[in-house]
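Okay, target-v1.cif is below, mmCIF, C-alpha atoms:
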```
data_coords
loop_
_atom_site.label_atom_id
_atom_site.label_comp_id
_atom_site.auth_asym_id
_atom_site.auth_seq_id
_atom_site.Cartn_x
_atom_site.Cartn_y
_atom_site.Cartn_z
CA MET A 1 -9.75 -12.36 6.52
CA THR A 2 -8.65 -8.73 6.64
CA ASP A 3 -10.66 -6.15 4.69
CA LEU A 4 -8.76 -3.14 3.37
CA VAL A 5 -11.07 -0.32 2.36
CA PHE A 6 -9.58 2.43 0.18
CA HIS A 7 -10.74 5.88 -0.78
CA HIS A 8 -9.11 9.14 -1.85
CA GLU A 9 -11.50 11.25 0.24
CA PRO A 10 -10.89 10.99 4.01
CA ASP A 11 -14.57 11.38 4.92
CA GLN A 12 -15.44 8.33 2.78
CA LEU A 13 -13.30 5.98 4.87
CA PRO A 14 -15.07 3.74 7.41
CA PRO A 15 -14.03 3.60 11.06
CA GLY A 16 -11.07 1.38 11.82
CA VAL A 17 -12.35 -1.68 13.69
CA PRO A 18 -10.83 -5.17 14.11
CA GLY A 19 -10.59 -6.84 10.72
CA ILE A 20 -11.00 -3.60 8.71
CA VAL A 21 -8.11 -1.36 7.62
CA PRO A 22 -9.21 2.02 6.16
CA VAL A 23 -6.53 3.48 3.86
CA LEU A 24 -6.44 6.97 2.38
CA MET A 25 -5.30 6.55 -1.23
CA TYR A 26 -2.65 9.05 -2.38
CA GLY A 27 -2.76 10.58 1.08
CA ARG A 28 0.25 12.18 2.68
CA ARG A 29 -0.69 11.03 6.19
CA PRO A 30 -3.42 9.01 7.92
CA PRO A 31 -6.43 11.29 8.51
CA ARG A 32 -7.18 9.95 12.00
CA ARG A 33 -6.42 7.20 14.49
CA GLY A 34 -7.30 3.75 13.21
CA THR A 35 -6.52 4.62 9.59
CA ALA A 36 -3.54 4.50 7.25
CA SER A 37 -2.39 6.28 4.10
CA ILE A 38 -0.28 5.57 1.06
CA GLY A 39 0.96 7.16 -2.14
CA GLY A 40 1.20 10.88 -1.39
CA PRO A 41 4.74 11.21 -2.82
CA VAL A 42 3.80 8.98 -5.77
CA ARG A 43 1.05 11.36 -6.85
CA ALA A 44 3.56 14.22 -6.76
CA ALA A 45 6.03 12.19 -8.87
CA VAL A 46 3.29 11.46 -11.40
CA ARG A 47 2.51 15.16 -11.68
CA ARG A 48 6.20 15.88 -12.36
CA LEU A 49 5.93 13.94 -15.63
CA GLY A 50 4.47 17.20 -16.92
CA VAL A 51 1.89 15.54 -19.20
CA PRO A 52 -1.47 13.77 -18.71
CA VAL A 53 -0.64 10.17 -17.88
CA HIS A 54 -2.19 7.08 -19.43
CA ARG A 55 -5.58 6.51 -17.74
CA ARG A 56 -5.51 2.72 -17.43
CA ALA A 57 -1.86 2.78 -16.38
CA PHE A 58 -2.81 5.24 -13.63
CA ASP A 59 -5.50 2.82 -12.47
CA LEU A 60 -2.82 0.09 -12.42
CA LEU A 61 -0.75 2.38 -10.22
CA THR A 62 -3.74 2.80 -7.90
CA ILE A 63 -4.11 -0.98 -7.69
CA ALA A 64 -0.39 -1.25 -6.94
CA MET A 65 -0.70 1.27 -4.11
CA ALA A 66 -3.53 -0.79 -2.63
CA VAL A 67 -1.52 -4.00 -2.91
CA THR A 68 1.48 -2.35 -1.25
CA ALA A 69 -0.77 -1.11 1.56
CA ALA A 70 -2.17 -4.59 2.15
CA ASP A 71 1.31 -6.13 2.06
CA THR A 72 2.54 -3.54 4.57
CA PHE A 73 -0.31 -3.02 7.02
CA VAL A 74 -1.35 -6.67 7.53
CA ASP A 75 1.24 -8.57 9.54
CA ARG A 76 1.88 -12.14 8.45
CA LYS A 77 2.40 -13.24 12.03
CA ALA A 78 -1.29 -12.65 12.71
CA SER A 79 -2.39 -15.18 10.03
CA ASP A 80 -3.56 -18.66 10.99
CA ASP A 81 -0.37 -20.36 9.83
CA GLY A 82 1.96 -17.41 10.51
CA TRP A 83 2.50 -16.91 6.80
CA ALA A 84 -0.39 -16.82 4.27
CA ARG A 85 -2.77 -13.91 4.79
CA VAL A 86 -6.36 -13.73 3.53
CA LEU A 87 -6.76 -10.22 2.09
CA ARG A 88 -9.78 -8.51 0.57
CA LEU A 89 -9.33 -5.14 -1.13
CA ARG A 90 -12.28 -2.82 -1.75
CA LEU A 91 -10.84 -0.34 -4.21
CA PRO A 92 -12.49 2.41 -6.29
CA LEU A 93 -10.93 3.12 -9.70
CA SER A 94 -11.59 5.98 -12.08
CA HIS A 95 -12.35 3.58 -14.97
CA PRO A 96 -13.38 0.19 -13.50
CA ALA A 97 -14.82 -1.47 -16.65
CA PRO A 98 -11.55 -2.64 -18.30
CA TRP A 99 -10.39 -4.19 -15.03
CA LEU A 100 -13.41 -6.29 -14.13
CA PRO A 101 -12.65 -9.16 -16.57
CA VAL A 102 -9.00 -9.43 -15.44
CA ILE A 103 -9.62 -9.56 -11.68
CA PRO A 104 -9.12 -13.37 -11.55
CA MET A 105 -5.80 -13.02 -13.42
CA LEU A 106 -4.72 -10.26 -11.07
CA GLU A 107 -5.65 -12.21 -7.95
CA GLU A 108 -3.76 -15.26 -9.18
CA ALA A 109 -0.65 -13.23 -10.09
CA LEU A 110 -0.60 -11.71 -6.61
CA ARG A 111 -1.14 -15.10 -4.98
CA PHE A 112 1.86 -16.44 -6.89
CA LEU A 113 3.94 -13.41 -5.98
CA SER A 114 3.21 -13.15 -2.26
CA GLY A 115 1.82 -16.52 -1.17
CA ASP A 116 -1.36 -14.85 0.14
CA LEU A 117 -5.01 -15.29 -0.82
CA TRP A 118 -6.30 -12.13 -2.51
CA THR A 119 -9.82 -10.95 -3.28
CA ILE A 120 -10.13 -7.66 -5.15
CA GLU A 121 -13.42 -5.79 -5.40
CA ILE A 122 -13.29 -2.94 -7.92
CA LEU A 123 -15.65 -0.03 -7.30
CA PRO A 124 -16.41 3.15 -9.29
CA ASP A 125 -15.52 6.79 -8.58
CA GLY A 126 -11.86 6.23 -7.81
CA PRO A 127 -9.04 8.77 -7.95
CA VAL A 128 -8.54 10.34 -11.36
CA ARG A 129 -5.15 10.98 -12.88
CA PRO A 130 -3.71 14.16 -11.34
CA PRO A 131 -3.20 17.33 -13.38
CA PRO A 132 0.35 17.62 -14.71
CA GLN A 133 2.77 19.99 -13.07
CA THR A 134 3.70 22.82 -15.40
CA ARG A 135 6.54 24.51 -13.51
CA GLY A 136 9.60 23.50 -11.58
CA HIS A 137 11.62 20.33 -12.04
CA LEU A 138 9.88 18.00 -14.52
CA THR A 139 10.70 14.46 -15.68
CA ASN A 140 11.19 14.93 -19.41
CA LEU A 141 10.03 11.99 -21.53
CA ALA A 142 10.88 13.50 -24.91
CA GLY A 143 13.80 11.91 -26.75
CA HIS A 144 13.62 8.65 -24.78
CA ASP A 145 12.70 5.38 -26.46
CA CYS A 146 12.14 2.84 -23.67
CA VAL A 147 11.94 2.39 -19.89
CA SER A 148 14.30 0.45 -17.64
CA LEU A 149 13.81 -0.39 -13.97
CA PHE A 150 16.72 1.07 -12.02
CA SER A 151 17.16 -0.14 -8.45
CA GLY A 152 20.78 0.81 -7.78
CA GLY A 153 21.68 -2.87 -8.08
CA LEU A 154 24.39 -4.41 -10.21
CA ASP A 155 22.01 -6.04 -12.70
CA SER A 156 20.03 -2.85 -13.27
CA ALA A 157 23.24 -0.87 -13.84
CA ILE A 158 24.43 -3.39 -16.42
CA GLY A 159 21.02 -3.28 -18.08
CA VAL A 160 21.20 0.48 -18.55
CA LEU A 161 24.80 0.40 -19.77
CA ASP A 162 23.95 -2.26 -22.37
CA LEU A 163 20.97 -0.23 -23.60
CA MET A 164 23.07 2.92 -23.91
CA ALA A 165 25.76 1.02 -25.79
CA THR A 166 23.19 0.18 -28.47
CA HIS A 167 22.15 3.85 -28.69
CA ARG A 168 18.94 3.38 -26.71
CA LYS A 169 17.84 6.14 -24.37
CA PRO A 170 15.79 4.73 -21.48
CA VAL A 171 13.83 6.57 -18.85
CA LEU A 172 15.05 5.11 -15.57
CA VAL A 173 12.35 4.15 -13.07
CA SER A 174 13.21 3.74 -9.39
CA HIS A 175 11.74 2.93 -6.02
CA SER A 176 13.38 5.70 -4.02
CA TYR A 177 13.43 3.94 -0.67
CA ARG A 178 15.68 5.48 1.96
CA GLY A 179 19.24 4.33 1.33
CA ASP A 180 18.45 2.89 -2.11
CA ALA A 181 17.84 6.40 -3.44
CA GLU A 182 21.37 7.45 -2.51
CA ARG A 183 22.89 4.54 -4.43
CA GLN A 184 20.65 5.20 -7.41
CA VAL A 185 21.86 8.80 -7.58
CA ILE A 186 25.51 7.72 -7.32
CA VAL A 187 25.22 5.17 -10.13
CA ASP A 188 23.09 7.50 -12.26
CA ARG A 189 25.81 10.16 -12.14
CA LEU A 190 28.36 7.66 -13.48
CA LEU A 191 26.32 6.78 -16.56
CA PRO A 192 27.83 7.94 -19.87
CA ILE A 193 24.58 9.55 -21.08
CA LYS A 194 22.26 11.83 -19.14
CA VAL A 195 18.73 10.40 -19.13
CA SER A 196 15.55 11.19 -17.25
CA ARG A 197 14.63 9.29 -14.10
CA PHE A 198 11.22 8.78 -12.53
CA SER A 199 11.58 7.98 -8.84
CA ALA A 200 8.91 7.64 -6.19
CA VAL A 201 8.25 6.01 -2.86
CA ALA A 202 4.86 4.68 -1.78
CA ASN A 203 5.36 5.97 1.78
CA PRO A 204 2.85 3.76 3.64
CA LEU A 205 1.99 5.41 6.98
CA SER A 206 -0.14 3.96 9.73
CA LYS A 207 -2.09 4.99 12.82
CA LEU A 208 -3.41 1.47 13.22
CA GLY A 209 -1.57 0.63 16.41
CA ALA A 210 -0.19 -2.57 14.85
CA PRO A 211 3.23 -3.50 13.45
CA ASN A 212 3.92 -3.25 9.73
CA ASP A 213 5.12 -6.23 7.72
CA VAL A 214 8.55 -5.36 6.33
CA GLN A 215 9.07 -8.28 3.91
CA MET A 216 7.29 -6.55 1.00
CA ARG A 217 7.01 -9.59 -1.27
CA THR A 218 4.81 -7.60 -3.68
CA ARG A 219 7.38 -4.85 -4.25
CA SER A 220 7.98 -5.87 -7.88
CA PHE A 221 4.28 -5.43 -8.66
CA ASN A 222 4.61 -1.83 -7.52
CA PHE A 223 7.88 -1.43 -9.44
CA LEU A 224 6.29 -2.72 -12.65
CA ALA A 225 3.32 -0.38 -12.16
CA TYR A 226 5.70 2.59 -11.98
CA GLY A 227 7.44 1.42 -15.15
CA ALA A 228 4.20 0.72 -17.00
CA LEU A 229 2.83 4.16 -16.11
CA VAL A 230 5.89 5.90 -17.56
CA ALA A 231 6.07 3.68 -20.65
CA ALA A 232 2.36 3.97 -21.46
CA THR A 233 2.47 7.73 -20.94
CA MET A 234 5.21 7.95 -23.58
CA VAL A 235 2.59 6.61 -25.99
CA GLU A 236 -0.16 8.79 -24.54
CA CYS A 237 1.80 12.00 -25.11
CA ARG A 238 2.84 10.80 -28.58
CA THR A 239 6.57 10.72 -27.96
CA LEU A 240 6.48 7.05 -29.09
CA HIS A 241 4.17 4.60 -30.80
CA GLY A 242 3.30 1.59 -28.66
CA PRO A 243 4.03 -0.82 -27.31
CA VAL A 244 6.96 0.65 -25.38
CA GLU A 245 9.56 -1.73 -23.99
CA LEU A 246 9.81 -1.94 -20.20
CA PHE A 247 13.13 -3.60 -19.35
CA VAL A 248 13.47 -5.59 -16.13
CA PRO A 249 17.20 -6.43 -15.87
CA GLU A 250 17.66 -9.51 -13.67
CA ASN A 251 20.03 -12.45 -14.04
CA GLY A 252 18.39 -15.80 -14.69
CA LEU A 253 19.33 -17.53 -11.45
CA ILE A 254 17.96 -14.78 -9.19
CA ALA A 255 14.84 -14.43 -11.36
CA LEU A 256 14.08 -18.14 -10.97
CA ASN A 257 15.28 -18.16 -7.34
CA PRO A 258 14.93 -21.93 -6.84
CA PRO A 259 14.76 -23.11 -3.21
CA LEU A 260 18.24 -23.92 -1.96
CA THR A 261 16.86 -26.33 0.63
CA SER A 262 13.46 -27.91 1.20
CA ARG A 263 12.60 -25.55 4.05
CA ARG A 264 13.15 -22.50 1.81
CA ILE A 265 10.39 -23.29 -0.68
CA GLY A 266 7.97 -20.79 0.85
CA ALA A 267 9.21 -17.95 2.96
CA LEU A 268 12.72 -17.59 1.60
CA SER A 269 12.08 -18.12 -2.13
CA THR A 270 10.77 -14.82 -3.49
CA ARG A 271 9.28 -14.57 -6.98
CA THR A 272 9.70 -10.87 -7.74
CA THR A 273 10.97 -11.32 -11.31
CA HIS A 274 10.10 -14.96 -11.92
CA PRO A 275 9.31 -15.55 -15.63
CA HIS A 276 5.85 -16.85 -14.74
CA PHE A 277 5.01 -13.67 -12.82
CA LEU A 278 6.35 -11.39 -15.56
CA GLY A 279 4.31 -13.37 -18.09
CA SER A 280 1.19 -12.97 -15.94
CA MET A 281 1.77 -9.24 -15.75
CA GLN A 282 2.16 -9.02 -19.52
CA ARG A 283 -1.16 -10.80 -20.03
CA ILE A 284 -2.86 -8.35 -17.65
CA LEU A 285 -1.37 -5.33 -19.46
CA ASP A 286 -2.48 -6.72 -22.81
CA ALA A 287 -5.99 -7.48 -21.56
CA VAL A 288 -6.65 -3.94 -20.29
CA GLY A 289 -4.92 -2.20 -23.19
CA ILE A 290 -1.80 -0.78 -21.58
CA PRO A 291 0.71 -0.49 -24.49
CA VAL A 292 3.80 -1.86 -22.75
CA ARG A 293 5.97 -4.90 -23.42
CA ILE A 294 7.84 -6.32 -20.41
CA CYS A 295 11.27 -7.73 -21.24
CA ASN A 296 14.01 -9.29 -19.12
CA PRO A 297 16.95 -9.45 -21.57
CA TYR A 298 19.04 -11.44 -19.07
CA ALA A 299 16.60 -14.25 -18.28
CA ALA A 300 19.02 -16.70 -19.91
CA LYS A 301 22.24 -15.18 -18.51
CA THR A 302 24.02 -15.69 -15.21
CA LYS A 303 25.21 -12.73 -13.17
CA GLY A 304 28.80 -13.56 -14.07
CA GLU A 305 27.92 -13.61 -17.75
CA MET A 306 26.21 -10.24 -17.38
CA LEU A 307 29.39 -8.81 -15.88
CA SER A 308 31.75 -10.24 -18.46
CA SER A 309 29.56 -9.35 -21.47
CA CYS A 310 28.61 -5.82 -20.41
CA ALA A 311 29.14 -3.56 -23.40
CA ASP A 312 30.63 -0.70 -21.36
CA GLN A 313 33.35 -2.23 -19.21
CA LYS A 314 34.91 1.14 -18.42
CA THR A 315 31.80 2.59 -16.78
CA LEU A 316 30.99 -0.75 -15.19
CA GLY A 317 34.42 -0.78 -13.58
CA ALA A 318 33.73 2.61 -12.01
CA ALA A 319 30.16 1.81 -10.94
CA ALA A 320 30.11 -1.86 -9.95
CA ASP A 321 31.36 -1.48 -6.37
CA ARG A 322 28.82 1.34 -5.80
CA THR A 323 25.84 -0.92 -6.62
CA VAL A 324 23.92 -2.93 -4.04
CA SER A 325 22.91 -6.59 -4.22
CA CYS A 326 22.49 -7.36 -0.52
CA GLY A 327 19.07 -8.09 0.91
CA LYS A 328 20.12 -6.95 4.38
CA TRP A 329 22.25 -3.91 3.70
CA LYS A 330 19.82 -1.30 5.05
CA ARG A 331 20.47 -2.42 8.62
CA LYS A 332 24.02 -1.05 8.56
CA ARG A 333 24.12 0.67 5.14
CA LEU A 334 26.70 -2.01 4.39
CA GLN A 335 26.39 -5.15 2.27
CA CYS A 336 26.63 -8.16 4.54
CA GLY A 337 28.71 -10.34 2.18
CA ARG A 338 27.11 -13.59 3.37
CA CYS A 339 23.42 -13.58 2.32
CA VAL A 340 22.33 -15.43 -0.82
CA PRO A 341 22.35 -12.33 -3.11
CA CYS A 342 25.78 -11.32 -1.77
CA ILE A 343 27.23 -14.79 -2.35
CA ILE A 344 25.87 -14.86 -5.92
CA ARG A 345 27.30 -11.37 -6.44
CA ARG A 346 30.74 -12.41 -5.17
CA ALA A 347 30.65 -15.57 -7.27
CA SER A 348 29.80 -13.52 -10.37
CA PHE A 349 32.91 -11.35 -10.00
CA HIS A 350 34.99 -14.51 -9.61
CA ALA A 351 33.37 -16.07 -12.70
CA ALA A 352 33.98 -12.92 -14.75
CA GLY A 353 37.62 -12.68 -13.63
CA MET A 354 36.99 -9.20 -12.21
CA ASP A 355 38.16 -7.70 -8.95
CA ASP A 356 35.36 -7.31 -6.43
CA ASN A 357 36.01 -4.04 -4.61
CA THR A 358 32.63 -3.96 -2.88
CA PRO A 359 32.99 -2.83 0.75
CA TYR A 360 31.32 -5.75 2.52
CA ASP A 361 30.67 -5.91 6.25
CA PRO A 362 33.91 -7.16 7.86
CA ALA A 363 31.86 -9.76 9.74
CA GLY A 364 30.85 -11.34 6.41
CA THR A 365 33.95 -10.83 4.31
CA ASP A 366 35.66 -14.10 5.30
CA LEU A 367 33.12 -16.79 4.43
CA ALA A 368 35.23 -19.49 6.08
CA ALA A 369 34.89 -17.58 9.34
CA VAL A 370 31.15 -17.11 8.73
CA LEU A 371 30.79 -20.88 8.47
CA ALA A 372 31.97 -21.22 12.05
CA VAL A 373 29.31 -18.84 13.43
CA GLU A 374 26.04 -20.68 13.96
CA LYS A 375 23.80 -17.59 13.93
CA ALA A 376 25.40 -16.17 10.77
CA ARG A 377 25.89 -19.17 8.48
CA ASP A 378 22.36 -20.20 7.45
CA ASP A 379 22.48 -18.74 3.91
CA LEU A 380 26.03 -19.92 3.35
CA LEU A 381 25.20 -23.47 4.46
CA ALA A 382 22.20 -23.48 2.13
CA MET A 383 24.37 -22.37 -0.80
CA ILE A 384 26.94 -25.05 0.00
CA GLN A 385 24.26 -27.77 0.18
CA ALA A 386 22.64 -26.63 -3.07
CA SER A 387 26.01 -26.42 -4.84
CA ARG A 388 26.76 -30.01 -3.91
CA ARG A 389 23.30 -31.29 -4.84
CA VAL A 390 22.51 -29.49 -8.10
CA PRO A 391 24.96 -31.28 -10.44
CA SER A 392 23.12 -34.59 -9.91
CA SER A 393 19.62 -33.31 -9.14
CA ASN A 394 16.49 -33.19 -11.27
CA MET A 395 16.89 -29.63 -12.51
CA ALA A 396 13.37 -29.32 -13.95
CA GLY A 397 11.79 -30.66 -10.77
CA TRP A 398 13.92 -28.33 -8.65
CA LEU A 399 12.98 -25.21 -10.61
CA ALA A 400 9.31 -26.19 -10.73
CA GLN A 401 9.18 -25.90 -6.93
CA THR A 402 9.37 -22.12 -7.33
CA GLY A 403 6.93 -21.72 -10.20
CA PRO A 404 5.68 -23.09 -13.53
CA LEU A 405 8.18 -23.39 -16.35
CA PRO A 406 7.38 -22.43 -19.97
CA MET A 407 5.59 -25.01 -22.09
CA ASP A 408 7.88 -24.21 -25.02
CA ARG A 409 10.77 -26.69 -24.93
CA THR A 410 13.41 -24.22 -26.10
CA GLU A 411 12.44 -21.60 -23.51
CA ARG A 412 12.28 -24.20 -20.75
CA ASP A 413 15.68 -25.62 -21.65
CA GLU A 414 17.18 -22.11 -21.59
CA LEU A 415 15.95 -21.62 -18.03
CA LEU A 416 17.19 -25.01 -16.91
CA ASP A 417 20.59 -24.26 -18.39
CA VAL A 418 20.93 -20.78 -16.88
CA ALA A 419 20.10 -22.18 -13.43
CA ARG A 420 22.71 -24.88 -13.94
CA ARG A 421 25.35 -22.38 -15.05
CA GLY A 422 24.46 -19.94 -12.29
CA MET A 423 24.89 -22.59 -9.62
CA ALA A 424 28.13 -23.65 -11.32
CA GLU A 425 29.44 -20.10 -10.76
CA VAL A 426 28.57 -20.33 -7.08
CA ARG A 427 30.07 -23.81 -6.80
CA ALA A 428 33.32 -22.70 -8.44
CA TYR A 429 33.58 -19.72 -6.08
CA LEU A 430 32.89 -21.73 -2.95
CA ASN A 431 35.35 -24.39 -4.13
CA HIS A 432 37.94 -21.64 -4.74
CA LEU A 433 37.48 -20.63 -1.08
CA GLY A 434 37.91 -24.23 0.05
CA LEU A 435 34.36 -24.45 1.39
CA LEU A 436 33.25 -27.52 -0.55
CA ASN A 437 35.99 -29.84 0.68
#
```
Can you present the structure in this file as structure tokens?
Amino acid sequence: MTDLVFHHEPDQLPPGVPGIVPVLMYGRRPPRRGTASIGGPVRAAVRRLGVPVHRRAFDLLTIAMAVTAADTFVDRKASDDGWARVLRLRLPLSHPAPWLPVIPMLEEALRFLSGDLWTIEILPDGPVRPPPQTRGHLTNLAGHDCVSLFSGGLDSAIGVLDLMATHRKPVLVSHSYRGDAERQVIVDRLLPIKVSRFSAVANPLSKLGAPNDVQMRTRSFNFLAYGALVAATMVECRTLHGPVELFVPENGLIALNPPLTSRRIGALSTRTTHPHFLGSMQRILDAVGIPVRICNPYAAKTKGEMLSSCADQKTLGAAADRTVSCGKWKRKRLQCGRCVPCIIRRASFHAAGMDDNTPYDPAGTDLAAVLAVEKARDDLLAMIQASRRVPSSNMAGWLAQTGPLPMDRTERDELLDVARRGMAEVRAYLNHLGLLN
């Protein structure tokens, strides 16, 4: 087990010894050797909202910072099985009482999301919400009626365009990771309506003398905490009556992310927007009184269907090739063209009958050539195998390997069908390329 001990005052942190990771909460840098820090830029972004933020939503943000720190500073390779970590968080909050009854729900949601075993100990006297900034550049919430997560990806761009086409005015919420932030700015400038955007980066920094884990399987928990803070604050400052909608635009196949092969059930099948996880998060928000309603309007749509049905085809045509779907693009600032998200992206353009002008890495542009390179073809081979198997497989059993399906028959059937249609898009694309012969 690894203990992570958090505090917002440097002199309250214990010494860093084996098995204990002291982390300065909302600190800009680690205070000394053997410690770490997280959230300095996030606190500044919260202040730029220019109003007092929702108290319980700020505590959720503090929890999210702690989760991100644990996910970053504890390397999976050091765990007994090389994968599942045993993590205990000792975390002071400004208002602990509402959170104590939901700790089991929170621990289970994180276990589902990351595959780790979590224990969370909530303590009093945590960081209080920061005073709002009154001068300089502020993130204006007035005149907006919802919140939408905005990653710089194709799905999030379509989500915003569809909202704007129905005369909604969302506040965009972004993880401003290096590289992603540039794409977010580019796509934002192409939108037909100017809206406010809250962007922040957790900025985990370490003087622990150990490698960081870069997989970040809990990143969507952090993303949802950003969105919930902004949405709940819109109620707090009386710009809206609650609950405020928090849109999470993600096509149904990627949200479900069923394992393409048996060996991908654990490490390679992420659950960042899985319906079960989003449902767990909604129950936690409801239980602690955060007035936000999480909604994925595309849970029953494929990526190709999202493209073809987007309400603003003109703007989409200008923005689509600027968006990023690739899980590996940061290595070269170029989308690889051959990972699972890239293949689904390319298949969606084919399904929608749209030209795909995305500048992919030349080494991954020709998938037939990729198939001949042993070190490069793993994802492509998995997609080919899954495309051949899915038409005759037990769809419900396949999807259940990633997470529980809804008890409601109609909802469950919708998910089964979107997975079937999503894989049909991939199969048609691969067949078009002659890769299923």
May I ask for the distance between atom CA of Ala299 of chain A and atom CA of Gly152 of chain A, given in Å to one decimal place?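 The value is 18.8 Å.
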Polymer residues at most 7 Å from Leu253 of chain A, only C-alpha atoms, same-chain spacing of 6 or more positions, as a CSV table (one decimal) with C-alpha atoms, in the coordinates of the input:
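What landed in part31.csv:
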```
chain,number,residue,atom,x,y,z
A,302,THR,CA,24.0,-15.7,-15.2
A,418,VAL,CA,20.9,-20.8,-16.9
A,419,ALA,CA,20.1,-22.2,-13.4
A,422,GLY,CA,24.5,-19.9,-12.3
```
Once the PyMOL selection byres ((chain A and resi 105) around 10) is applied to the coordinates I shared, what remains selected? I want it as a PDB file with C-alpha atoms, in the coordinates of the input.
```pdb
ATOM      1  CA  PRO A 101     -12.650  -9.160 -16.570  1.00  0.00           C
ATOM      2  CA  VAL A 102      -9.000  -9.430 -15.440  1.00  0.00           C
ATOM      3  CA  ILE A 103      -9.620  -9.560 -11.680  1.00  0.00           C
ATOM      4  CA  PRO A 104      -9.120 -13.370 -11.550  1.00  0.00           C
ATOM      5  CA  LEU A 106      -4.720 -10.260 -11.070  1.00  0.00           C
ATOM      6  CA  GLU A 107      -5.650 -12.210  -7.950  1.00  0.00           C
ATOM      7  CA  GLU A 108      -3.760 -15.260  -9.180  1.00  0.00           C
ATOM      8  CA  ALA A 109      -0.650 -13.230 -10.090  1.00  0.00           C
ATOM      9  CA  LEU A 110      -0.600 -11.710  -6.610  1.00  0.00           C
ATOM     10  CA  ARG A 111      -1.140 -15.100  -4.980  1.00  0.00           C
ATOM     11  CA  SER A 280       1.190 -12.970 -15.940  1.00  0.00           C
ATOM     12  CA  MET A 281       1.770  -9.240 -15.750  1.00  0.00           C
ATOM     13  CA  ARG A 283      -1.160 -10.800 -20.030  1.00  0.00           C
ATOM     14  CA  ILE A 284      -2.860  -8.350 -17.650  1.00  0.00           C
ATOM     15  CA  ALA A 287      -5.990  -7.480 -21.560  1.00  0.00           C
TER      16      ALA A 287
END
```
Kindly resolve the PyMOL selection byres ((chain A and resi 45-57) around 7) on the present coordinates and return the residues as a list in words.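 Selected by the PyMOL selection byres ((chain A and resi 45-57) around 7) here: Pro41, Val42, Arg43, Ala44, Phe58, Asp59, Leu60, Leu61, Arg129, Pro130, Pro131, Pro132, Gln133, Thr134, Leu138, Thr139, Asn140, Ser199, Ala200, Ala228, Leu229, Ala232, Thr233, Glu236, Cys237 and Ile290 of chain A.
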Show which residues sit within 12 Å of Pro258 of chain A, as a ChimeraX atom specification. Count all atoms listed in the file, and ignore same-chain residues fewer than 4 positions away. /A:252-254,262-266,268-271,274,340,382-383,386,390,395-405,415-416,418-420,422-423
Interatomic distance between atom CA of His95 of chain A and atom CA of Phe73 of chain A?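 Atom CA of Phe73 of chain A lies at a distance of 25.9 Å from atom CA of His95 of chain A.
Atom to atom, atom CA of Cys146 of chain A and atom CA of Arg168 of chain A stand 7.5 Å apart.
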Between A:Ala369, A:Leu190, A:Leu430, A:Leu256, which has the minimum distance to Arg388 of chain A (counting all atoms listed in the file)?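 Using all atoms listed in the file, the shortest distance to Arg388 of chain A belongs to A:Leu430.
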Would you translate the PyMOL selection byres ((chain A and resi 219) around 12) into the concrete set of residues it matches in this file, as number ranges by chain? A: 64-72, 110, 113-114, 151, 174-175, 177, 201-202, 214-218, 220-226, 270-273
